[in-house]
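Everything on this sheet refers to the single structure shown next.
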Amino acid sequence: MSHLRAPAARADRREGGRHGRPVARPVPALPETHIRPQLMRLAVLPPVAVALSGCAAVLFTVRSTGARPSLTLLAVLAGAVSVTA
């Protein structure tokens with residue numbers, strides 16, 4: 001079997017790491033991990049802005065009319081703010 005020869009070593013790979021162990025290569029980060037925070041902000045910020053703007057509009061209307069806000073209205077607004085948060 002003299003016609004068979006050993007495979008040529010590739011320049012980008014080492015045969016073994018320290019003490020013959022395989023070389024640990026860093027796993028590249030998936031492209032989704034970089035965009036995930038941006039998508040989260042895109043999904044969360046508009047509903048939060050709408051909820052807070054709605055609460056602000058209700059409070060502005062109540063204060064501008066001079067009516068006394070009832071306990072029920074304050075409870076509903078507090079619930080909306082807590083759900084938003």
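Chains: A, B, ... in order of the structure tokens. Residues: from 1 per chain. Ligands: from 1, in order shown.
For segment 55-63 of chain A, the residues within 12 Å (counting only C-alpha atoms, excluding itself and residues fewer than 5 positions away along the chain) are Val48, Ala49, Val50, Arg68, Pro69, Ser70, Leu73, Leu74, Ala75, Val76, Leu77, Ala78, Gly79, Ala80, Val81, Ser82, Val83 and Thr84 of chain A.
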Quick one: write out the picked residues with all heavy atoms as a short mmCIF file (atom, residue, chain, number, x, y, z; two decimals), in the first residue's frame?
data_model
loop_
_atom_site.label_atom_id
_atom_site.label_comp_id
_atom_site.auth_asym_id
_atom_site.auth_seq_id
_atom_site.Cartn_x
_atom_site.Cartn_y
_atom_site.Cartn_z
N VAL A 48 -46.56 50.42 25.87
CA VAL A 48 -46.31 51.18 27.10
C VAL A 48 -46.61 52.66 26.85
O VAL A 48 -47.26 53.32 27.69
CB VAL A 48 -44.85 50.97 27.57
CG1 VAL A 48 -44.47 51.97 28.65
CG2 VAL A 48 -44.66 49.55 28.07
N ALA A 49 -46.17 53.19 25.73
CA ALA A 49 -46.42 54.60 25.42
C ALA A 49 -47.92 54.87 25.29
O ALA A 49 -48.42 55.89 25.77
CB ALA A 49 -45.68 54.99 24.14
N VAL A 50 -48.65 53.96 24.65
CA VAL A 50 -50.10 54.15 24.49
C VAL A 50 -50.80 54.10 25.84
O VAL A 50 -51.68 54.93 26.13
CB VAL A 50 -50.67 53.08 23.52
CG1 VAL A 50 -52.18 53.04 23.57
CG2 VAL A 50 -50.19 53.34 22.11
N ARG A 68 -64.24 65.86 40.72
CA ARG A 68 -63.46 65.08 41.68
C ARG A 68 -63.38 63.63 41.19
O ARG A 68 -64.41 63.00 40.97
CB ARG A 68 -64.11 65.11 43.05
CG ARG A 68 -64.23 66.49 43.61
CD ARG A 68 -63.65 66.78 44.95
NE ARG A 68 -63.16 65.71 45.76
CZ ARG A 68 -61.91 65.70 46.22
NH1 ARG A 68 -61.08 66.66 45.90
NH2 ARG A 68 -61.51 64.75 47.01
N PRO A 69 -62.18 63.11 41.01
CA PRO A 69 -62.07 61.72 40.55
C PRO A 69 -62.54 60.77 41.63
O PRO A 69 -62.22 60.92 42.81
CB PRO A 69 -60.58 61.55 40.27
CG PRO A 69 -59.89 62.63 41.03
CD PRO A 69 -60.87 63.74 41.17
N SER A 70 -63.30 59.79 41.21
CA SER A 70 -63.82 58.82 42.18
C SER A 70 -62.74 57.80 42.49
O SER A 70 -61.72 57.70 41.81
CB SER A 70 -65.05 58.13 41.60
OG SER A 70 -64.67 57.35 40.48
N LEU A 73 -62.21 55.40 39.56
CA LEU A 73 -61.36 55.91 38.49
C LEU A 73 -59.90 55.81 38.88
O LEU A 73 -59.06 55.39 38.08
CB LEU A 73 -61.73 57.35 38.15
CG LEU A 73 -60.84 58.02 37.10
CD1 LEU A 73 -61.00 57.33 35.75
CD2 LEU A 73 -61.14 59.48 37.00
N LEU A 74 -59.57 56.17 40.10
CA LEU A 74 -58.18 56.09 40.55
C LEU A 74 -57.70 54.63 40.59
O LEU A 74 -56.55 54.34 40.26
CB LEU A 74 -58.03 56.75 41.91
CG LEU A 74 -58.24 58.27 41.93
CD1 LEU A 74 -58.14 58.81 43.35
CD2 LEU A 74 -57.23 58.94 41.04
N ALA A 75 -58.58 53.72 40.99
CA ALA A 75 -58.21 52.30 41.02
C ALA A 75 -57.95 51.77 39.61
O ALA A 75 -57.01 51.02 39.38
CB ALA A 75 -59.29 51.49 41.70
N VAL A 76 -58.80 52.18 38.65
CA VAL A 76 -58.62 51.74 37.28
C VAL A 76 -57.31 52.30 36.71
O VAL A 76 -56.56 51.59 36.03
CB VAL A 76 -59.82 52.16 36.41
CG1 VAL A 76 -59.54 51.97 34.94
CG2 VAL A 76 -61.05 51.36 36.82
N LEU A 77 -57.04 53.58 36.97
CA LEU A 77 -55.79 54.17 36.49
C LEU A 77 -54.57 53.52 37.14
O LEU A 77 -53.57 53.25 36.47
CB LEU A 77 -55.78 55.67 36.75
CG LEU A 77 -56.72 56.49 35.86
CD1 LEU A 77 -56.69 57.95 36.29
CD2 LEU A 77 -56.36 56.35 34.40
N ALA A 78 -54.64 53.22 38.42
CA ALA A 78 -53.54 52.55 39.10
C ALA A 78 -53.33 51.15 38.54
O ALA A 78 -52.20 50.69 38.36
CB ALA A 78 -53.79 52.49 40.61
N GLY A 79 -54.43 50.46 38.25
CA GLY A 79 -54.32 49.12 37.64
C GLY A 79 -53.70 49.18 36.26
O GLY A 79 -52.88 48.34 35.90
N ALA A 80 -54.08 50.20 35.48
CA ALA A 80 -53.50 50.34 34.13
C ALA A 80 -52.00 50.64 34.20
O ALA A 80 -51.22 50.09 33.42
CB ALA A 80 -54.24 51.44 33.38
N VAL A 81 -51.62 51.48 35.13
CA VAL A 81 -50.20 51.79 35.29
C VAL A 81 -49.43 50.56 35.77
O VAL A 81 -48.33 50.28 35.30
CB VAL A 81 -50.00 52.98 36.24
CG1 VAL A 81 -48.54 53.16 36.63
CG2 VAL A 81 -50.52 54.26 35.60
N SER A 82 -50.01 49.79 36.69
CA SER A 82 -49.30 48.59 37.17
C SER A 82 -49.19 47.53 36.08
O SER A 82 -48.16 46.86 35.98
CB SER A 82 -49.99 48.03 38.41
OG SER A 82 -51.28 47.55 38.06
N VAL A 83 -50.21 47.38 35.25
CA VAL A 83 -50.11 46.43 34.12
C VAL A 83 -49.07 46.91 33.13
O VAL A 83 -48.32 46.10 32.57
CB VAL A 83 -51.51 46.26 33.45
CG1 VAL A 83 -51.38 45.56 32.12
CG2 VAL A 83 -52.43 45.49 34.38
N THR A 84 -49.01 48.21 32.90
CA THR A 84 -48.02 48.76 31.99
C THR A 84 -46.61 48.51 32.50
O THR A 84 -45.71 48.14 31.74
CB THR A 84 -48.23 50.26 31.80
OG1 THR A 84 -49.56 50.47 31.29
CG2 THR A 84 -47.24 50.85 30.84
#
